[in-house]
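Data file: my_file-v5.cif. Format and content: mmCIF, C-alpha atoms.
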data_run
loop_
_atom_site.label_atom_id
_atom_site.label_comp_id
_atom_site.auth_asym_id
_atom_site.auth_seq_id
_atom_site.Cartn_x
_atom_site.Cartn_y
_atom_site.Cartn_z
CA MET A 238 17.79 17.82 11.83
CA ASP A 239 17.79 21.08 9.87
CA ASP A 240 14.74 23.06 8.84
CA ILE A 241 12.86 22.24 5.64
CA LYS A 242 13.85 24.67 2.88
CA VAL A 243 11.39 25.40 0.06
CA GLN A 244 12.48 26.25 -3.49
CA VAL A 245 9.57 27.97 -5.21
CA SER A 246 8.70 26.88 -8.75
CA ASN A 247 8.10 29.48 -11.44
CA ASN A 248 6.43 26.98 -13.75
CA LEU A 249 3.38 25.50 -12.04
CA LYS A 250 1.34 22.87 -13.83
CA LYS A 251 -2.32 23.20 -14.77
CA LYS A 252 -4.41 21.22 -12.30
CA PRO A 253 -6.97 18.77 -13.69
CA ALA A 254 -10.64 19.75 -13.76
CA ARG A 255 -12.94 18.10 -11.21
CA ASP A 256 -14.42 15.65 -13.72
CA THR A 257 -11.10 14.66 -15.34
CA PRO A 258 -10.44 10.88 -15.13
CA LEU A 259 -7.27 10.64 -13.06
CA GLY A 260 -6.27 7.01 -13.32
CA PHE A 261 -3.69 5.95 -10.75
CA GLY A 262 -0.13 7.23 -10.45
CA LYS A 263 0.02 8.91 -13.88
CA LEU A 264 -0.12 12.58 -12.94
CA PHE A 265 2.24 14.31 -10.48
CA THR A 266 2.14 17.58 -8.58
CA ASP A 267 4.50 20.57 -8.72
CA TYR A 268 6.81 19.75 -5.81
CA MET A 269 8.65 16.89 -4.13
CA PHE A 270 10.46 16.46 -0.81
CA LEU A 271 14.08 15.32 -0.66
CA MET A 272 16.67 14.65 2.01
CA GLU A 273 19.99 12.84 1.99
CA TYR A 274 21.93 10.57 4.29
CA SER A 275 25.63 10.14 4.89
CA LYS A 276 27.48 8.46 7.75
CA GLU A 277 29.09 11.78 8.63
CA ASN A 278 25.93 13.93 8.65
CA GLY A 279 23.05 11.49 9.15
CA TRP A 280 19.84 12.56 7.42
CA HIS A 281 20.32 16.16 6.27
CA ASN A 282 19.58 18.77 3.60
CA ALA A 283 15.80 18.42 3.97
CA ARG A 284 14.11 20.43 1.26
CA ILE A 285 11.07 20.85 -0.95
CA GLU A 286 11.84 21.63 -4.55
CA PRO A 287 10.09 21.52 -7.96
CA TYR A 288 9.21 18.02 -9.15
CA GLY A 289 11.74 16.77 -11.65
CA PRO A 290 14.19 14.03 -12.65
CA LEU A 291 16.74 12.66 -10.20
CA SER A 292 20.39 12.70 -11.22
CA LEU A 293 22.02 9.32 -10.51
CA ASP A 294 25.39 7.88 -11.41
CA PRO A 295 25.07 4.77 -13.65
CA ALA A 296 26.88 2.80 -10.93
CA THR A 297 24.37 3.81 -8.24
CA ASN A 298 24.05 0.93 -5.78
CA SER A 299 20.25 0.68 -5.80
CA LEU A 300 20.09 0.33 -9.60
CA HIS A 301 22.14 -2.86 -9.41
CA TYR A 302 21.42 -4.49 -6.06
CA GLY A 303 17.92 -3.31 -5.20
CA GLN A 304 18.59 -1.52 -1.90
CA LEU A 305 15.35 0.38 -2.37
CA MET A 306 12.06 0.57 -0.47
CA PHE A 307 8.87 2.61 -0.63
CA GLU A 308 5.67 3.46 1.22
CA GLY A 309 2.14 4.34 0.13
CA MET A 310 -0.30 6.66 1.87
CA LYS A 311 -3.03 9.15 0.95
CA ALA A 312 -4.35 12.62 1.72
CA TYR A 313 -8.02 13.48 1.41
CA ARG A 314 -10.19 16.60 1.20
CA ALA A 315 -12.70 16.65 4.07
CA PRO A 316 -16.16 18.18 3.51
CA ASP A 317 -15.12 21.24 5.53
CA GLY A 318 -12.10 21.82 3.29
CA ARG A 319 -9.42 20.41 5.59
CA ALA A 320 -6.61 18.27 4.18
CA VAL A 321 -6.32 15.05 6.20
CA MET A 322 -4.23 11.86 6.19
CA PHE A 323 -5.09 8.42 7.52
CA ARG A 324 -2.87 6.94 10.25
CA PRO A 325 0.37 8.37 8.79
CA ASP A 326 2.32 7.59 11.97
CA LYS A 327 1.93 3.89 11.10
CA ASN A 328 3.45 4.51 7.68
CA MET A 329 6.43 6.24 9.28
CA ALA A 330 7.00 3.25 11.56
CA ARG A 331 6.71 0.88 8.60
CA ILE A 332 9.34 2.87 6.66
CA ASN A 333 11.80 2.06 9.40
CA ASN A 334 10.63 -1.54 9.61
CA SER A 335 11.16 -2.03 5.88
CA GLY A 336 14.42 -0.10 5.87
CA HIS A 337 15.88 -2.17 8.68
CA ARG A 338 15.46 -5.34 6.62
CA ILE A 339 17.67 -4.00 3.82
CA CYS A 340 20.13 -2.00 5.96
CA ILE A 341 18.70 1.48 5.30
CA PRO A 342 19.38 3.82 8.26
CA PRO A 343 16.27 4.83 10.24
CA ILE A 344 14.51 8.11 9.64
CA ASP A 345 13.26 10.41 12.39
CA GLU A 346 9.59 9.43 12.20
CA ALA A 347 8.18 12.62 13.76
CA PHE A 348 10.29 14.90 11.56
CA THR A 349 9.50 12.95 8.40
CA LEU A 350 5.77 13.11 9.09
CA LYS A 351 6.12 16.85 9.61
CA ALA A 352 7.97 17.12 6.29
CA ILE A 353 5.33 15.14 4.39
CA ALA A 354 2.56 17.21 5.97
CA LYS A 355 4.37 20.39 4.88
CA LEU A 356 4.61 19.08 1.31
CA VAL A 357 0.92 18.10 1.27
CA ASP A 358 -0.04 21.48 2.72
CA LEU A 359 1.92 23.23 -0.04
CA GLU A 360 0.17 21.06 -2.64
CA LYS A 361 -3.29 20.91 -1.03
CA ASP A 362 -4.96 22.45 -4.09
CA TRP A 363 -3.99 19.25 -5.91
CA ILE A 364 -6.16 17.11 -3.61
CA PRO A 365 -9.11 16.07 -5.78
CA GLU A 366 -12.63 16.41 -4.41
CA ALA A 367 -14.67 13.98 -6.53
CA PRO A 368 -15.92 10.81 -4.75
CA GLY A 369 -13.36 8.01 -4.70
CA THR A 370 -10.39 10.29 -5.36
CA SER A 371 -7.42 11.25 -3.18
CA LEU A 372 -3.85 12.54 -3.26
CA TYR A 373 -1.53 9.53 -3.26
CA ILE A 374 1.70 10.03 -1.31
CA ARG A 375 4.74 7.96 -2.33
CA PRO A 376 7.79 8.16 -0.03
CA PHE A 377 10.78 6.07 -1.09
CA ILE A 378 14.43 5.58 -0.13
CA LEU A 379 17.23 4.41 -2.39
CA SER A 380 20.91 3.75 -1.82
CA THR A 381 23.16 6.13 -3.78
CA ASP A 382 26.80 5.01 -3.46
CA PRO A 383 28.28 4.92 -7.01
CA VAL A 384 30.01 1.61 -6.32
CA LEU A 385 29.59 -1.84 -7.87
CA GLY A 386 29.77 -4.20 -4.93
CA VAL A 387 27.21 -6.08 -2.87
CA ALA A 388 27.32 -4.17 0.43
CA PRO A 389 25.12 -1.66 2.25
CA SER A 390 25.50 1.83 0.85
CA ASN A 391 26.98 4.67 2.89
CA THR A 392 24.67 7.24 1.31
CA TYR A 393 20.92 7.37 0.66
CA LEU A 394 18.26 9.60 -0.87
CA PHE A 395 14.77 9.95 0.63
CA CYS A 396 12.14 11.31 -1.73
CA VAL A 397 8.39 11.97 -1.53
CA ILE A 398 6.24 12.57 -4.60
CA LEU A 399 2.49 13.21 -4.82
CA SER A 400 -0.10 12.09 -7.36
CA PRO A 401 -3.83 12.95 -7.56
CA VAL A 402 -5.57 9.63 -8.18
CA GLY A 403 -8.90 8.03 -8.86
CA SER A 404 -9.80 4.46 -8.03
CA TYR A 405 -6.91 1.97 -8.16
CA TYR A 406 -9.19 -0.41 -10.03
CA PRO A 407 -11.05 1.15 -13.00
CA GLY A 408 -14.04 -1.05 -12.13
CA GLY A 409 -14.25 0.43 -8.63
CA LEU A 410 -15.78 -2.04 -6.18
CA LYS A 411 -16.58 -4.59 -8.86
CA PRO A 412 -15.43 -7.99 -7.51
CA THR A 413 -12.31 -9.41 -9.11
CA ARG A 414 -11.39 -12.86 -10.44
CA ILE A 415 -8.40 -14.30 -8.59
CA HIS A 416 -6.12 -17.15 -9.67
CA VAL A 417 -4.59 -19.23 -6.87
CA GLU A 418 -0.88 -19.34 -7.77
CA THR A 419 0.61 -22.81 -7.28
CA GLY A 420 3.93 -22.35 -9.08
CA TYR A 421 5.57 -19.07 -8.09
CA VAL A 422 5.73 -17.76 -4.53
CA ARG A 423 5.81 -14.21 -3.19
CA ALA A 424 7.90 -14.64 -0.04
CA VAL A 425 9.56 -17.15 2.27
CA ARG A 426 10.22 -17.20 6.00
CA GLY A 427 13.34 -15.16 6.75
CA GLY A 428 12.96 -13.16 3.51
CA THR A 429 11.65 -9.67 2.82
CA GLY A 430 7.92 -10.43 2.62
CA TYR A 431 6.99 -8.22 5.59
CA SER A 432 8.75 -5.17 4.13
CA LYS A 433 7.96 -2.87 1.21
CA CYS A 434 11.16 -3.65 -0.67
CA ALA A 435 10.92 -2.89 -4.36
CA GLY A 436 12.10 -6.36 -5.35
CA ASN A 437 9.05 -7.97 -3.73
CA TYR A 438 6.87 -6.36 -6.39
CA ALA A 439 9.11 -7.05 -9.38
CA SER A 440 9.15 -10.75 -8.52
CA SER A 441 5.33 -10.85 -8.52
CA LEU A 442 4.89 -9.64 -12.10
CA LEU A 443 5.37 -12.88 -14.01
CA ALA A 444 2.69 -14.72 -12.05
CA GLN A 445 0.34 -11.76 -12.41
CA LYS A 446 0.99 -11.68 -16.17
CA GLY A 447 0.21 -15.39 -16.42
CA ALA A 448 -3.02 -14.98 -14.48
CA ALA A 449 -4.12 -12.14 -16.74
CA GLU A 450 -3.52 -14.28 -19.82
CA HIS A 451 -6.10 -16.72 -18.43
CA GLY A 452 -8.70 -14.04 -17.71
CA PHE A 453 -7.94 -13.41 -14.03
CA ASP A 454 -7.36 -10.02 -12.43
CA GLN A 455 -4.78 -11.02 -9.83
CA VAL A 456 -3.17 -13.91 -7.99
CA LEU A 457 -3.63 -15.35 -4.53
CA TRP A 458 -0.22 -16.27 -3.13
CA LEU A 459 0.37 -19.45 -1.15
CA ASP A 460 3.18 -19.97 1.36
CA GLY A 461 6.64 -20.65 -0.02
CA VAL A 462 7.30 -23.93 1.82
CA GLU A 463 4.24 -26.17 1.80
CA ARG A 464 2.45 -24.27 -0.98
CA LYS A 465 -0.90 -24.67 0.73
CA TYR A 466 -1.50 -21.76 3.13
CA VAL A 467 -2.97 -18.51 1.78
CA GLU A 468 -0.89 -15.39 2.34
CA GLU A 469 -1.69 -12.31 0.22
CA VAL A 470 -3.67 -11.41 -2.88
CA GLY A 471 -1.63 -9.44 -5.38
CA ALA A 472 0.03 -6.72 -3.30
CA MET A 473 -2.74 -6.72 -0.68
CA ASN A 474 -3.60 -8.48 2.54
CA VAL A 475 -6.59 -10.79 2.15
CA PHE A 476 -9.59 -11.74 4.31
CA PHE A 477 -12.13 -14.55 4.11
CA VAL A 478 -15.54 -14.84 5.76
CA LEU A 479 -15.98 -18.44 6.91
CA ASP A 480 -19.07 -19.51 8.82
CA GLY A 481 -19.57 -16.00 10.21
CA LYS A 482 -15.91 -15.43 11.17
CA VAL A 483 -13.52 -13.14 9.32
CA VAL A 484 -10.20 -14.95 8.90
CA THR A 485 -6.85 -13.60 7.69
CA ALA A 486 -3.31 -14.94 7.70
CA ASP A 487 -1.31 -14.17 10.83
CA LEU A 488 1.90 -12.13 10.66
CA GLY A 489 4.04 -14.50 12.69
CA GLY A 490 5.97 -15.97 9.77
CA GLY A 491 7.35 -12.64 8.55
CA THR A 492 6.17 -13.31 4.99
CA ILE A 493 3.19 -10.97 5.03
CA LEU A 494 3.14 -7.17 4.94
CA PRO A 495 1.64 -5.68 8.14
CA GLY A 496 -0.89 -3.58 6.28
CA ILE A 497 -2.29 -0.43 7.87
CA THR A 498 -5.66 -1.02 6.20
CA ARG A 499 -5.46 -4.62 7.46
CA MET A 500 -4.88 -3.35 10.99
CA SER A 501 -7.80 -0.94 10.67
CA VAL A 502 -10.12 -3.66 9.34
CA LEU A 503 -9.35 -5.92 12.30
CA GLU A 504 -9.93 -3.09 14.79
CA LEU A 505 -13.22 -2.14 13.16
CA LEU A 506 -14.51 -5.72 13.03
CA LYS A 507 -13.70 -6.23 16.70
CA SER A 508 -15.46 -2.98 17.59
CA TRP A 509 -18.55 -4.25 15.73
CA GLY A 510 -18.51 -7.57 17.55
CA ILE A 511 -17.75 -9.56 14.41
CA PRO A 512 -15.48 -12.54 15.24
CA THR A 513 -12.01 -12.44 13.70
CA GLU A 514 -9.15 -14.90 13.51
CA GLU A 515 -5.50 -14.40 12.53
CA ARG A 516 -4.13 -17.87 11.73
CA LYS A 517 -2.86 -20.24 9.09
CA LEU A 518 -5.57 -20.94 6.54
CA SER A 519 -5.09 -23.53 3.82
CA ILE A 520 -6.54 -23.29 0.34
CA GLN A 521 -8.03 -26.75 0.92
CA GLU A 522 -9.89 -25.43 3.98
CA LEU A 523 -11.31 -22.66 1.80
CA ALA A 524 -12.41 -25.16 -0.84
CA ASP A 525 -14.03 -27.40 1.77
CA ALA A 526 -15.83 -24.44 3.34
CA TYR A 527 -17.05 -23.40 -0.11
CA ASP A 528 -18.43 -26.87 -0.81
CA ALA A 529 -20.15 -26.83 2.60
CA GLY A 530 -21.75 -23.45 1.92
CA LYS A 531 -19.74 -21.77 4.70
CA PHE A 532 -17.45 -19.56 2.59
CA SER A 533 -19.42 -16.37 1.95
CA GLU A 534 -16.98 -13.52 1.22
CA ALA A 535 -13.38 -12.66 0.37
CA PHE A 536 -11.67 -9.30 -0.09
CA GLY A 537 -8.25 -7.72 -0.28
CA THR A 538 -7.18 -4.67 1.73
CA GLY A 539 -4.55 -2.04 1.03
CA THR A 540 -3.84 1.67 0.81
CA ALA A 541 -4.40 1.96 -2.92
CA ALA A 542 -7.70 0.09 -3.25
CA VAL A 543 -8.84 0.23 0.44
CA ILE A 544 -11.19 -2.77 0.02
CA ALA A 545 -11.07 -4.97 -3.09
CA PRO A 546 -13.89 -7.56 -3.13
CA ILE A 547 -13.18 -10.96 -4.65
CA GLY A 548 -15.88 -12.50 -6.81
CA GLU A 549 -14.17 -15.72 -7.80
CA LEU A 550 -11.21 -17.88 -6.82
CA GLY A 551 -9.79 -20.28 -9.38
CA TRP A 552 -7.70 -23.16 -7.99
CA VAL A 553 -6.45 -26.14 -10.07
CA GLY A 554 -9.62 -26.29 -12.14
CA LYS A 555 -12.02 -25.52 -9.28
CA SER A 556 -14.01 -22.28 -9.45
CA MET A 557 -15.26 -20.77 -6.21
CA LYS A 558 -17.77 -18.02 -7.05
CA LEU A 559 -18.90 -15.68 -4.29
CA ASN A 560 -21.97 -13.45 -3.84
CA GLY A 561 -23.16 -13.81 -7.42
CA GLY A 562 -20.48 -11.39 -8.61
CA ASN A 563 -21.47 -8.68 -6.13
CA ILE A 564 -19.59 -7.18 -3.19
CA GLY A 565 -20.40 -8.89 0.11
CA PRO A 566 -22.05 -7.09 3.05
CA ILE A 567 -18.98 -7.09 5.33
CA ALA A 568 -16.68 -5.81 2.58
CA GLN A 569 -19.19 -3.10 1.71
CA ARG A 570 -19.60 -2.03 5.33
CA LEU A 571 -15.83 -1.88 5.82
CA TYR A 572 -15.33 0.13 2.64
CA ASP A 573 -18.03 2.62 3.60
CA GLU A 574 -16.70 3.02 7.14
CA ILE A 575 -13.01 3.33 6.31
CA THR A 576 -13.47 5.70 3.39
CA GLY A 577 -15.96 7.70 5.46
CA ILE A 578 -13.40 8.13 8.25
CA GLN A 579 -10.57 8.84 5.80
CA THR A 580 -12.46 11.62 4.06
CA GLY A 581 -13.99 13.15 7.20
CA ARG A 582 -17.55 12.20 6.23
CA LEU A 583 -17.91 9.92 9.28
CA PRO A 584 -16.82 10.47 12.89
CA ASP A 585 -13.26 9.41 13.71
CA LYS A 586 -13.87 7.40 16.88
CA PHE A 587 -10.38 5.88 16.85
CA GLY A 588 -8.21 8.97 16.41
CA TRP A 589 -6.95 7.78 13.04
CA VAL A 590 -7.21 11.05 11.11
CA TYR A 591 -4.22 13.42 11.01
CA GLU A 592 -5.03 17.01 10.00
CA VAL A 593 -2.55 18.68 7.67
CA LYS A 594 -1.87 22.24 8.78
#

Would you put the structure from the file into C-alpha cells?
Amino acid sequence: MDDIKVQVSNNLKKKPARDTPLGFGKLFTDYMFLMEYSKENGWHNARIEPYGPLSLDPATNSLHYGQLMFEGMKAYRAPDGRAVMFRPDKNMARINNSGHRICIPPIDEAFTLKAIAKLVDLEKDWIPEAPGTSLYIRPFILSTDPVLGVAPSNTYLFCVILSPVGSYYPGGLKPTRIHVETGYVRAVRGGTGYSKCAGNYASSLLAQKGAAEHGFDQVLWLDGVERKYVEEVGAMNVFFVLDGKVVTADLGGGTILPGITRMSVLELLKSWGIPTEERKLSIQELADAYDAGKFSEAFGTGTAAVIAPIGELGWVGKSMKLNGGNIGPIAQRLYDEITGIQTGRLPDKFGWVYEVK
C-alpha cells in the first residue's frame, strides 16, 4: 500500500461557531479521503484531497445495481484537547464483513484506520466541543465499472467524508413513539440484514414514512418469516428490560446488524452485574410482559444516537407506554457511561478509546 498523499486546499470553509445548531449530516469539512481498487493494483492511490463532487460515468455499476456499502463512526474532543475515536477497529472489521456480502474486495483494516485517523487529525479543528456534539465519520465503498450488467465490479472507490454533528434526534434523549411494523420487513435469513449495504436503508423508508403519518417516530421491525420476533428499531439494535433482565435479539439468524454500540452495551451491562439475554423475543411476549407489569424499559442503540429511549410501542391497536414518557434508569446509565467514555470524561476501563495523533 502506498503512502497517503495530501492535496492542500486553498479555499477553506468557515467553521461554525460553538453555539451554532449543527443538525446531523448537513455540514461537511474541507477534506476527504479517497483510494481506488482494481484487480491489477489492488487498493491504491490513497490520498486526501479537498472535499468535492465525485465524477462518475452514468453507467457506473453501483448506481444501477446497488453494490454500495457504508460505515458510521465518530470522533470526539476530550476535555484535555485530544481527538479520540470509539472502537474504530470494530468499524474496520465491519467494513470487510459488509463488503464480503456484496463482493467488495477487503480493505487493509490497519492501513484504513491509519488513513481515517490522518484525515481526522488534519480536520481536528472541525470537531465541535459543545455537549452532545461530535465529528461524524462516514466511510463508504462503491463499485465503479461503467458497465450495465449484473456482476461484481472490477473497480471500486473508497471514500471517507466528515461532518460536525449535533444530536441525531432533535429532541435529544426524549423517548420516542415506535410503531410495530406488521406489513413490511427489513431483512430475511440469508439476505443482507447483517451488513451495512445501502439498499437495506432504502427499503426501510416506506414503512418509516407510513409510521410518521400516524404520529410515530420510527418502526420496530419483526422477523421476515413468522412476523412475530422483534429484530431492530429503525436502523438501530433494540433492547428491552423484562423482569430485571435486559433482552436483545441474538445475531444467529444473520438478519441483524452486529452493532458496535450494541456490543458495548452488552459488555457494560455484564460488567455491572445486570443480567442480559441474547435470544428470540416475540412481540407477544413483550405485550404479555407489559400486561403483567414486567416490561419496564426499551431503547435503541447505534452510532448516531448512542442510546435512543423508547416511550411507547404501538402494536395492532395496543399501546404500551413506558416510564411515563421519561428515559428509564438503565438507558440513562448506559448513555452517561458510553458518552462519558467516548468523550474522555470518564475512565476508559475497557481500552475502547483510540487517540488520533

Using only C-alpha atoms, find each residue of segment 524-545 of chain A with at least one atom at most 9 Å away from an atom of segment 456-480 of chain A; report its shortest atom-to-atom pair and that distance in Å (one decimal), sort the rows by chain and rising residue number, and return the result as CSV.
residue,atom,partner,partner_atom,distance
A:Ala526,CA,A:Leu479,CA,7.0
A:Tyr527,CA,A:Leu479,CA,8.7
A:Gly530,CA,A:Asp480,CA,8.4
A:Lys531,CA,A:Asp480,CA,4.7
A:Phe532,CA,A:Leu479,CA,4.7
A:Ser533,CA,A:Val478,CA,5.6
A:Glu534,CA,A:Val478,CA,4.9
A:Ala535,CA,A:Phe477,CA,4.4
A:Phe536,CA,A:Phe476,CA,5.4
A:Gly537,CA,A:Val475,CA,4.3
A:Thr538,CA,A:Asn474,CA,5.3
A:Gly539,CA,A:Met473,CA,5.3
A:Thr540,CA,A:Met473,CA,8.6
A:Ala542,CA,A:Met473,CA,8.8
A:Ala545,CA,A:Met473,CA,8.8

Writing out the chosen residues with C-alpha atoms as an mmCIF file, keeping the file's coordinate frame:
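The file below, selection12.cif, is the result:
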data_model
loop_
_atom_site.group_PDB
_atom_site.id
_atom_site.type_symbol
_atom_site.label_atom_id
_atom_site.label_comp_id
_atom_site.auth_asym_id
_atom_site.auth_seq_id
_atom_site.Cartn_x
_atom_site.Cartn_y
_atom_site.Cartn_z
ATOM 1 C CA ALA A 526 -15.830 -24.440 3.340
ATOM 2 C CA TYR A 527 -17.050 -23.400 -0.110
ATOM 3 C CA GLY A 530 -21.750 -23.450 1.920
ATOM 4 C CA LYS A 531 -19.740 -21.770 4.700
ATOM 5 C CA PHE A 532 -17.450 -19.560 2.590
ATOM 6 C CA SER A 533 -19.420 -16.370 1.950
ATOM 7 C CA GLU A 534 -16.980 -13.520 1.220
ATOM 8 C CA ALA A 535 -13.380 -12.660 0.370
ATOM 9 C CA PHE A 536 -11.670 -9.300 -0.090
ATOM 10 C CA GLY A 537 -8.250 -7.720 -0.280
ATOM 11 C CA THR A 538 -7.180 -4.670 1.730
ATOM 12 C CA GLY A 539 -4.550 -2.040 1.030
ATOM 13 C CA THR A 540 -3.840 1.670 0.810
ATOM 14 C CA ALA A 542 -7.700 0.090 -3.250
ATOM 15 C CA ALA A 545 -11.070 -4.970 -3.090
#

* **Residues matched by the PyMOL selection byres ((chain A and resi 454) around 8), written as a PyMOL selection string** => chain A and resi 413-416+445+448-449+452-453+455-456

Could you save the residues just selected, with C-alpha atoms, as an mmCIF file, in the frame of the given file?
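The resulting file, again-v4.cif, is shown below:
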data_model
loop_
_atom_site.group_PDB
_atom_site.id
_atom_site.type_symbol
_atom_site.label_atom_id
_atom_site.label_comp_id
_atom_site.auth_asym_id
_atom_site.auth_seq_id
_atom_site.Cartn_x
_atom_site.Cartn_y
_atom_site.Cartn_z
ATOM 1 C CA THR A 413 -12.310 -9.410 -9.110
ATOM 2 C CA ARG A 414 -11.390 -12.860 -10.440
ATOM 3 C CA ILE A 415 -8.400 -14.300 -8.590
ATOM 4 C CA HIS A 416 -6.120 -17.150 -9.670
ATOM 5 C CA GLN A 445 0.340 -11.760 -12.410
ATOM 6 C CA ALA A 448 -3.020 -14.980 -14.480
ATOM 7 C CA ALA A 449 -4.120 -12.140 -16.740
ATOM 8 C CA GLY A 452 -8.700 -14.040 -17.710
ATOM 9 C CA PHE A 453 -7.940 -13.410 -14.030
ATOM 10 C CA GLN A 455 -4.780 -11.020 -9.830
ATOM 11 C CA VAL A 456 -3.170 -13.910 -7.990
#

* Which residue, A:Gly420, A:Pro412, A:Gly262, A:Gly430, has the smallest gap to Thr492 of chain A when you use all atoms listed in the file? -> A:Gly430

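This file, queried with the PyMOL selection byres ((chain A and resi 301) around 12), gives the residues Asp294, Pro295, Ala296, Thr297, Asn298, Ser299, Leu300, Tyr302, Gly303, Gln304, Leu305, Leu379, Ser380, Thr381, Asp382, Pro383, Val384, Leu385, Gly386, Val387, Ala388, Ser390 and Gly436 of chain A.
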
* Asked: atom CA of Trp280 of chain A to atom CA of Gly588 of chain A: how many Å, to one decimal?
  ->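 A separation of 29.7 Å between them.
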
* Counting all atoms listed in the file, which of A:Cys434, A:Ile241, A:Leu291, A:Met322 gets nearest to Val590 of chain A? ->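 The answer is A:Met322, which sits nearest to Val590 of chain A.
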
* atom CA of Val553 of chain A and atom CA of Ala486 of chain A are how many Å apart? -> 21.2 Å

* Hits from the PyMOL selection byres ((chain A and resi 513-521) around 7), listed as an MDAnalysis selection string -> chainID A and resid 465:467 482:487 511:512 522:525

Would you mind exporting the chosen residues as a compact mmCIF listing (two decimals), in the frame of the given file, restricted to C-alpha atoms?
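So the final result, stored in result.txt, reads:
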# COMPACT_ATOMS: atom_id res chain seq x y z
CA LYS A 465 -0.90 -24.67 0.73
CA TYR A 466 -1.50 -21.76 3.13
CA VAL A 467 -2.97 -18.51 1.78
CA LYS A 482 -15.91 -15.43 11.17
CA VAL A 483 -13.52 -13.14 9.32
CA VAL A 484 -10.20 -14.95 8.90
CA THR A 485 -6.85 -13.60 7.69
CA ALA A 486 -3.31 -14.94 7.70
CA ASP A 487 -1.31 -14.17 10.83
CA ILE A 511 -17.75 -9.56 14.41
CA PRO A 512 -15.48 -12.54 15.24
CA GLU A 522 -9.89 -25.43 3.98
CA LEU A 523 -11.31 -22.66 1.80
CA ALA A 524 -12.41 -25.16 -0.84
CA ASP A 525 -14.03 -27.40 1.77

* Residues within 6 Å of Ala312 of chain A, all atoms listed in the file, excluding chain neighbours under 5 positions, as a ChimeraX atom specification -> /A:321-322,371-372

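Note that atom CA of Leu259 of chain A and atom CA of Val402 of chain A are 5.3 Å apart.
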
Show me the residues close to (15.9, 23.3, 6.6) - anything with an atom within 7 Å, counting all atoms listed in the file - and format the list as a compact mmCIF listing (two decimals) with C-alpha atoms, in the coordinates of the input.
# COMPACT_ATOMS: atom_id res chain seq x y z
CA ASP A 239 17.79 21.08 9.87
CA ASP A 240 14.74 23.06 8.84
CA ILE A 241 12.86 22.24 5.64
CA LYS A 242 13.85 24.67 2.88
CA ASN A 282 19.58 18.77 3.60
CA ALA A 283 15.80 18.42 3.97
CA ARG A 284 14.11 20.43 1.26

* Tell me, as a PyMOL selection string, which residues lie within 10 Å of Pro368 of chain A, counting all atoms listed in the file; anything in the same chain fewer than 3 positions away does not count. => chain A and resi 365+371+403-404+576+580

Go ahead and save the residues from that selection, with C-alpha atoms, as a PDB file, in the frame of the given file.
ATOM      1  CA  PRO A 365      -9.110  16.070  -5.780  1.00  0.00           C
ATOM      2  CA  SER A 371      -7.420  11.250  -3.180  1.00  0.00           C
ATOM      3  CA  GLY A 403      -8.900   8.030  -8.860  1.00  0.00           C
ATOM      4  CA  SER A 404      -9.800   4.460  -8.030  1.00  0.00           C
ATOM      5  CA  THR A 576     -13.470   5.700   3.390  1.00  0.00           C
ATOM      6  CA  THR A 580     -12.460  11.620   4.060  1.00  0.00           C
TER       7      THR A 580
END

Mind giving me the axis-aligned box for segment 322-337 of chain A with 5 Å on every side, centre plus edges in Å to one decimal, as lines of an AutoDock Vina configuration file?
center_x = 5.4
center_y = 4.8
center_z = 8.9
size_x = 31.0
size_y = 24.0
size_z = 16.1

* Compare A:Tyr393, A:Phe323, A:Tyr288, A:Tyr572 by their minimum atom-to-atom distance to Ile341 of chain A, counting all atoms listed in the file, and give me the closest one. =>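 Of A:Tyr393, A:Phe323, A:Tyr288, A:Tyr572, the one nearest Ile341 of chain A, counting all atoms listed in the file, is A:Tyr393.
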
* Residue nearest Glu273 of chain A among A:Val422, A:Ala330, A:Cys396, A:Met557 (counting all atoms listed in the file) ->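 Going through A:Val422, A:Ala330, A:Cys396, A:Met557 one by one, the smallest distance to Glu273 of chain A is for A:Cys396.
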
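Closest approach to Arg314 of chain A among A:Thr419, A:Thr429, A:Gln579, A:Thr392: A:Gln579, based on all atoms listed in the file.
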
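Here the question is which of A:Arg324, A:Arg338, A:Pro389, A:Val417 gets nearest to Phe587 of chain A using all atoms listed in the file, and that residue is A:Arg324.
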
Residue rebuild result segment 419-427 of chain A, N, CA and C atoms as a CSV table (one decimal), keeping the file's coordinate frame:
chain,number,residue,atom,x,y,z
A,419,THR,N,0.0,-21.6,-7.8
A,419,THR,CA,0.6,-22.8,-7.3
A,419,THR,C,2.1,-23.0,-7.7
A,420,GLY,N,2.6,-22.2,-8.6
A,420,GLY,CA,3.9,-22.4,-9.1
A,420,GLY,C,4.9,-21.4,-8.4
A,421,TYR,N,4.7,-20.1,-8.7
A,421,TYR,CA,5.6,-19.1,-8.1
A,421,TYR,C,5.1,-18.7,-6.7
A,422,VAL,N,6.1,-18.2,-5.9
A,422,VAL,CA,5.7,-17.8,-4.5
A,422,VAL,C,6.2,-16.3,-4.4
A,423,ARG,N,5.5,-15.6,-3.4
A,423,ARG,CA,5.8,-14.2,-3.2
A,423,ARG,C,6.9,-14.0,-2.2
A,424,ALA,N,6.9,-14.9,-1.1
A,424,ALA,CA,7.9,-14.6,0.0
A,424,ALA,C,8.1,-15.9,0.7
A,425,VAL,N,9.2,-16.0,1.4
A,425,VAL,CA,9.6,-17.2,2.3
A,425,VAL,C,10.0,-16.7,3.7
A,426,ARG,N,9.8,-17.5,4.6
A,426,ARG,CA,10.2,-17.2,6.0
A,426,ARG,C,11.7,-16.8,6.0
A,427,GLY,N,12.0,-15.7,6.7
A,427,GLY,CA,13.3,-15.2,6.8
A,427,GLY,C,13.7,-14.2,5.6
